[in-house]
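Trainee: Questions regarding the structure given below will be posed in turn.
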Amino acid sequence: MTMHGEVLVCPRDGLRPAVALFHGLSDATRLAIVQRLSRGEARVVDLTGALGLAQSTVSAHLACLRDCGLVVGRPEGRQMFYSLTRPELMDLLAAAETLLAATGSAVALCPNYGTGDGMTTTDETKEARA
(Lines give C-alpha, C1' and ligand atoms only; values in the text may rest on other atoms or scores of the structure.)
Protein backbone atom coordinates (compact mmCIF):
# COMPACT_ATOMS: atom_id res chain seq x y z
CA MET A 1 0.00 0.00 0.00
CA THR A 2 1.04 3.56 -0.56
CA MET A 3 0.69 6.51 1.82
CA HIS A 4 -2.69 7.24 0.27
CA GLY A 5 -4.08 3.74 0.89
CA GLU A 6 -3.79 2.66 -2.75
CA VAL A 7 -2.87 -0.94 -3.45
CA LEU A 8 0.09 -1.21 -5.77
CA VAL A 9 -0.26 -3.86 -8.44
CA CYS A 10 2.74 -5.13 -10.32
CA PRO A 11 2.15 -4.50 -14.04
CA ARG A 12 3.34 -8.04 -14.72
CA ASP A 13 0.49 -9.52 -12.64
CA GLY A 14 -1.85 -8.80 -15.53
CA LEU A 15 0.34 -10.94 -17.76
CA ARG A 16 0.00 -14.12 -15.70
CA PRO A 17 -2.93 -15.55 -17.70
CA ALA A 18 -1.02 -14.98 -20.96
CA VAL A 19 2.09 -16.58 -19.47
CA ALA A 20 0.02 -19.62 -18.48
CA LEU A 21 -1.53 -19.79 -21.97
CA PHE A 22 1.81 -19.65 -23.76
CA HIS A 23 3.36 -22.10 -21.30
CA GLY A 24 0.50 -24.50 -22.01
CA LEU A 25 1.28 -24.20 -25.71
CA SER A 26 5.06 -24.37 -25.31
CA ASP A 27 5.34 -28.08 -26.00
CA ALA A 28 5.64 -29.55 -29.51
CA THR A 29 3.31 -32.44 -28.67
CA ARG A 30 0.60 -30.14 -27.35
CA LEU A 31 0.91 -27.94 -30.44
CA ALA A 32 0.64 -31.03 -32.66
CA ILE A 33 -2.51 -32.09 -30.79
CA VAL A 34 -4.01 -28.61 -31.17
CA GLN A 35 -3.12 -28.61 -34.85
CA ARG A 36 -4.80 -31.99 -35.35
CA LEU A 37 -7.89 -30.91 -33.37
CA SER A 38 -8.15 -27.81 -35.55
CA ARG A 39 -9.37 -30.17 -38.28
CA GLY A 40 -12.09 -31.62 -36.06
CA GLU A 41 -12.63 -33.70 -32.98
CA ALA A 42 -10.57 -36.81 -32.34
CA ARG A 43 -10.26 -39.67 -29.89
CA VAL A 44 -7.03 -40.52 -28.09
CA VAL A 45 -6.57 -43.49 -30.44
CA ASP A 46 -6.88 -41.13 -33.44
CA LEU A 47 -4.27 -38.81 -31.96
CA THR A 48 -1.84 -41.60 -31.10
CA GLY A 49 -2.08 -42.89 -34.65
CA ALA A 50 -1.70 -39.47 -36.25
CA LEU A 51 1.17 -38.38 -34.02
CA GLY A 52 2.94 -41.72 -33.50
CA LEU A 53 2.93 -41.31 -29.73
CA ALA A 54 2.04 -43.54 -26.80
CA GLN A 55 -1.48 -43.38 -25.41
CA SER A 56 -0.18 -42.26 -22.02
CA THR A 57 1.74 -39.39 -23.60
CA VAL A 58 -1.25 -38.16 -25.59
CA SER A 59 -3.54 -38.49 -22.58
CA ALA A 60 -1.17 -36.49 -20.36
CA HIS A 61 -0.92 -33.68 -22.90
CA LEU A 62 -4.69 -33.68 -23.44
CA ALA A 63 -5.12 -33.35 -19.67
CA CYS A 64 -2.84 -30.30 -19.69
CA LEU A 65 -4.75 -28.72 -22.57
CA ARG A 66 -8.05 -29.52 -20.86
CA ASP A 67 -6.84 -28.02 -17.57
CA CYS A 68 -5.87 -24.87 -19.49
CA GLY A 69 -9.39 -24.69 -20.89
CA LEU A 70 -8.22 -25.14 -24.47
CA VAL A 71 -9.66 -28.62 -25.10
CA VAL A 72 -12.88 -30.30 -24.06
CA GLY A 73 -13.90 -33.94 -24.11
CA ARG A 74 -17.31 -35.15 -25.29
CA PRO A 75 -18.23 -38.64 -24.12
CA GLU A 76 -19.97 -40.93 -26.57
CA GLY A 77 -20.55 -44.39 -25.23
CA ARG A 78 -17.22 -45.64 -23.93
CA GLN A 79 -15.24 -43.20 -26.05
CA MET A 80 -14.20 -39.60 -25.50
CA PHE A 81 -14.02 -37.20 -28.44
CA TYR A 82 -11.76 -34.19 -27.92
CA SER A 83 -12.12 -30.81 -29.59
CA LEU A 84 -10.86 -27.26 -29.23
CA THR A 85 -12.93 -25.07 -26.94
CA ARG A 86 -12.23 -21.79 -28.71
CA PRO A 87 -11.75 -21.11 -32.44
CA GLU A 88 -9.68 -18.07 -31.43
CA LEU A 89 -6.87 -20.47 -30.62
CA MET A 90 -6.43 -21.09 -34.33
CA ASP A 91 -6.28 -17.32 -34.91
CA LEU A 92 -3.49 -17.13 -32.33
CA LEU A 93 -1.54 -19.93 -34.01
CA ALA A 94 -2.06 -18.36 -37.44
CA ALA A 95 -0.72 -15.06 -36.08
CA ALA A 96 2.29 -16.92 -34.67
CA GLU A 97 2.95 -18.52 -38.06
CA THR A 98 2.76 -15.08 -39.69
CA LEU A 99 5.20 -13.67 -37.15
CA LEU A 100 7.58 -16.60 -37.60
CA ALA A 101 7.48 -16.15 -41.37
CA ALA A 102 8.09 -12.40 -41.07
CA THR A 103 11.11 -12.92 -38.81
CA GLY A 104 12.49 -15.86 -40.75
CA SER A 105 11.86 -18.01 -37.68
CA ALA A 106 14.66 -16.09 -35.93
CA VAL A 107 13.20 -17.07 -32.56
CA ALA A 108 14.66 -20.55 -33.15
CA LEU A 109 18.06 -18.92 -32.52
CA CYS A 110 17.05 -17.60 -29.08
CA PRO A 111 19.80 -18.60 -26.62
CA ASN A 112 17.24 -19.51 -23.92
CA TYR A 113 14.46 -21.26 -25.81
CA GLY A 114 15.71 -21.55 -29.34
CA THR A 115 16.35 -24.82 -31.02
CA GLY A 116 18.53 -23.99 -33.96
CA ASP A 117 16.26 -26.12 -36.15
CA GLY A 118 12.90 -25.04 -34.76
CA MET A 119 11.94 -28.64 -33.91
CA THR A 120 13.45 -29.41 -30.48
CA THR A 121 11.17 -28.94 -27.50
CA THR A 122 12.10 -26.67 -24.61
CA ASP A 123 12.68 -29.69 -22.33
CA GLU A 124 15.00 -31.29 -24.86
CA THR A 125 16.91 -28.03 -25.19
CA LYS A 126 17.36 -27.83 -21.40
CA GLU A 127 18.54 -31.46 -21.30
CA ALA A 128 21.06 -30.80 -24.07
CA ARG A 129 22.56 -27.93 -22.06
CA ALA A 130 22.85 -29.98 -18.85
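Residue numbering restarts at 1 for every chain of the C-alpha coordinates, chains are lettered A, B, ... in their displayed order, and ligands are numbered from 1 as they appear.
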With only C-alpha atoms as the counted atoms, please give the residues lying no more than 8 Å from A:Thr85, apart from itself and same-chain residues fewer than 2 positions off, as a list in words.
Mentor: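 Near neighbours after the sequence-gap exclusion: Gly69, Leu70, Val71, Val72, Ser83 and Pro87 of chain A.
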Trainee: If we count only C-alpha atoms, what is near stretch 39-45 of chain A at a cut-off of 7 Å, once residues fewer than 5 positions away on the same chain are taken out, given as a list in words?
Mentor: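 My reading of the contact set: Gln55, Val58, Ser59, Met80, Phe81, Tyr82 and Ser83 of chain A.
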Trainee: Output all heavy atoms for every residue in that selection, as a PDB file, in the first residue's frame.
Mentor:
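Contents of the output file again35.pdb:
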ATOM      1  N   GLN A  55      -0.184 -43.811 -25.942  1.00  0.00           N
ATOM      2  CA  GLN A  55      -1.480 -43.380 -25.411  1.00  0.00           C
ATOM      3  C   GLN A  55      -1.297 -42.561 -24.144  1.00  0.00           C
ATOM      4  O   GLN A  55      -1.948 -41.539 -23.956  1.00  0.00           O
ATOM      5  CB  GLN A  55      -2.362 -44.606 -25.148  1.00  0.00           C
ATOM      6  CG  GLN A  55      -3.724 -44.289 -24.577  1.00  0.00           C
ATOM      7  CD  GLN A  55      -3.740 -44.225 -23.051  1.00  0.00           C
ATOM      8  OE1 GLN A  55      -2.979 -44.929 -22.390  1.00  0.00           O
ATOM      9  NE2 GLN A  55      -4.573 -43.365 -22.507  1.00  0.00           N
ATOM     10  N   VAL A  58      -0.156 -38.963 -25.036  1.00  0.00           N
ATOM     11  CA  VAL A  58      -1.250 -38.162 -25.592  1.00  0.00           C
ATOM     12  C   VAL A  58      -2.237 -37.792 -24.500  1.00  0.00           C
ATOM     13  O   VAL A  58      -2.675 -36.642 -24.396  1.00  0.00           O
ATOM     14  CB  VAL A  58      -1.937 -38.909 -26.750  1.00  0.00           C
ATOM     15  CG1 VAL A  58      -3.219 -38.211 -27.177  1.00  0.00           C
ATOM     16  CG2 VAL A  58      -0.981 -39.043 -27.939  1.00  0.00           C
ATOM     17  N   SER A  59      -2.578 -38.750 -23.653  1.00  0.00           N
ATOM     18  CA  SER A  59      -3.535 -38.489 -22.579  1.00  0.00           C
ATOM     19  C   SER A  59      -3.022 -37.428 -21.610  1.00  0.00           C
ATOM     20  O   SER A  59      -3.783 -36.558 -21.176  1.00  0.00           O
ATOM     21  CB  SER A  59      -3.842 -39.782 -21.821  1.00  0.00           C
ATOM     22  OG  SER A  59      -4.554 -40.671 -22.651  1.00  0.00           O
ATOM     23  N   MET A  80     -14.230 -41.030 -25.758  1.00  0.00           N
ATOM     24  CA  MET A  80     -14.195 -39.597 -25.503  1.00  0.00           C
ATOM     25  C   MET A  80     -13.669 -38.925 -26.773  1.00  0.00           C
ATOM     26  O   MET A  80     -12.607 -39.286 -27.280  1.00  0.00           O
ATOM     27  CB  MET A  80     -13.281 -39.285 -24.315  1.00  0.00           C
ATOM     28  CG  MET A  80     -13.279 -37.841 -23.903  1.00  0.00           C
ATOM     29  SD  MET A  80     -14.803 -37.289 -23.130  1.00  0.00           S
ATOM     30  CE  MET A  80     -14.687 -38.071 -21.541  1.00  0.00           C
ATOM     31  N   PHE A  81     -14.424 -37.970 -27.263  1.00  0.00           N
ATOM     32  CA  PHE A  81     -14.024 -37.201 -28.436  1.00  0.00           C
ATOM     33  C   PHE A  81     -13.569 -35.825 -27.975  1.00  0.00           C
ATOM     34  O   PHE A  81     -14.312 -35.116 -27.298  1.00  0.00           O
ATOM     35  CB  PHE A  81     -15.192 -37.067 -29.418  1.00  0.00           C
ATOM     36  CG  PHE A  81     -15.517 -38.352 -30.119  1.00  0.00           C
ATOM     37  CD1 PHE A  81     -16.331 -39.303 -29.517  1.00  0.00           C
ATOM     38  CD2 PHE A  81     -14.995 -38.616 -31.373  1.00  0.00           C
ATOM     39  CE1 PHE A  81     -16.617 -40.497 -30.150  1.00  0.00           C
ATOM     40  CE2 PHE A  81     -15.282 -39.809 -32.024  1.00  0.00           C
ATOM     41  CZ  PHE A  81     -16.103 -40.755 -31.411  1.00  0.00           C
ATOM     42  N   TYR A  82     -12.347 -35.465 -28.340  1.00  0.00           N
ATOM     43  CA  TYR A  82     -11.756 -34.192 -27.918  1.00  0.00           C
ATOM     44  C   TYR A  82     -11.857 -33.168 -29.040  1.00  0.00           C
ATOM     45  O   TYR A  82     -11.727 -33.501 -30.226  1.00  0.00           O
ATOM     46  CB  TYR A  82     -10.297 -34.384 -27.518  1.00  0.00           C
ATOM     47  CG  TYR A  82     -10.172 -35.198 -26.265  1.00  0.00           C
ATOM     48  CD1 TYR A  82     -10.010 -36.579 -26.316  1.00  0.00           C
ATOM     49  CD2 TYR A  82     -10.246 -34.587 -25.017  1.00  0.00           C
ATOM     50  CE1 TYR A  82      -9.929 -37.328 -25.155  1.00  0.00           C
ATOM     51  CE2 TYR A  82     -10.165 -35.337 -23.853  1.00  0.00           C
ATOM     52  CZ  TYR A  82     -10.010 -36.701 -23.942  1.00  0.00           C
ATOM     53  OH  TYR A  82      -9.927 -37.442 -22.784  1.00  0.00           O
ATOM     54  N   SER A  83     -12.064 -31.916 -28.631  1.00  0.00           N
ATOM     55  CA  SER A  83     -12.118 -30.815 -29.589  1.00  0.00           C
ATOM     56  C   SER A  83     -11.605 -29.552 -28.918  1.00  0.00           C
ATOM     57  O   SER A  83     -11.495 -29.474 -27.687  1.00  0.00           O
ATOM     58  CB  SER A  83     -13.551 -30.608 -30.094  1.00  0.00           C
ATOM     59  OG  SER A  83     -14.402 -30.268 -29.013  1.00  0.00           O
TER      60      SER A  83
END
Trainee: Quick one, how far is atom CA of A:Leu31 from atom CA of A:Met90?
Mentor: 10.8 Å
Trainee: Take atom CA of A:Thr29 and atom CA of A:Glu76 and report the distance between them in Å, one decimal.
Mentor: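 Distance reported for this atom pair: 24.9 Å.
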Trainee: Going by DSSP on the backbone, which residues of stretch 49-119 of chain A come out as helix (DSSP H, G or I)? List them as an MDAnalysis selection string.
Mentor: chainID A and resid 49:51 55:67 88:102 106:109
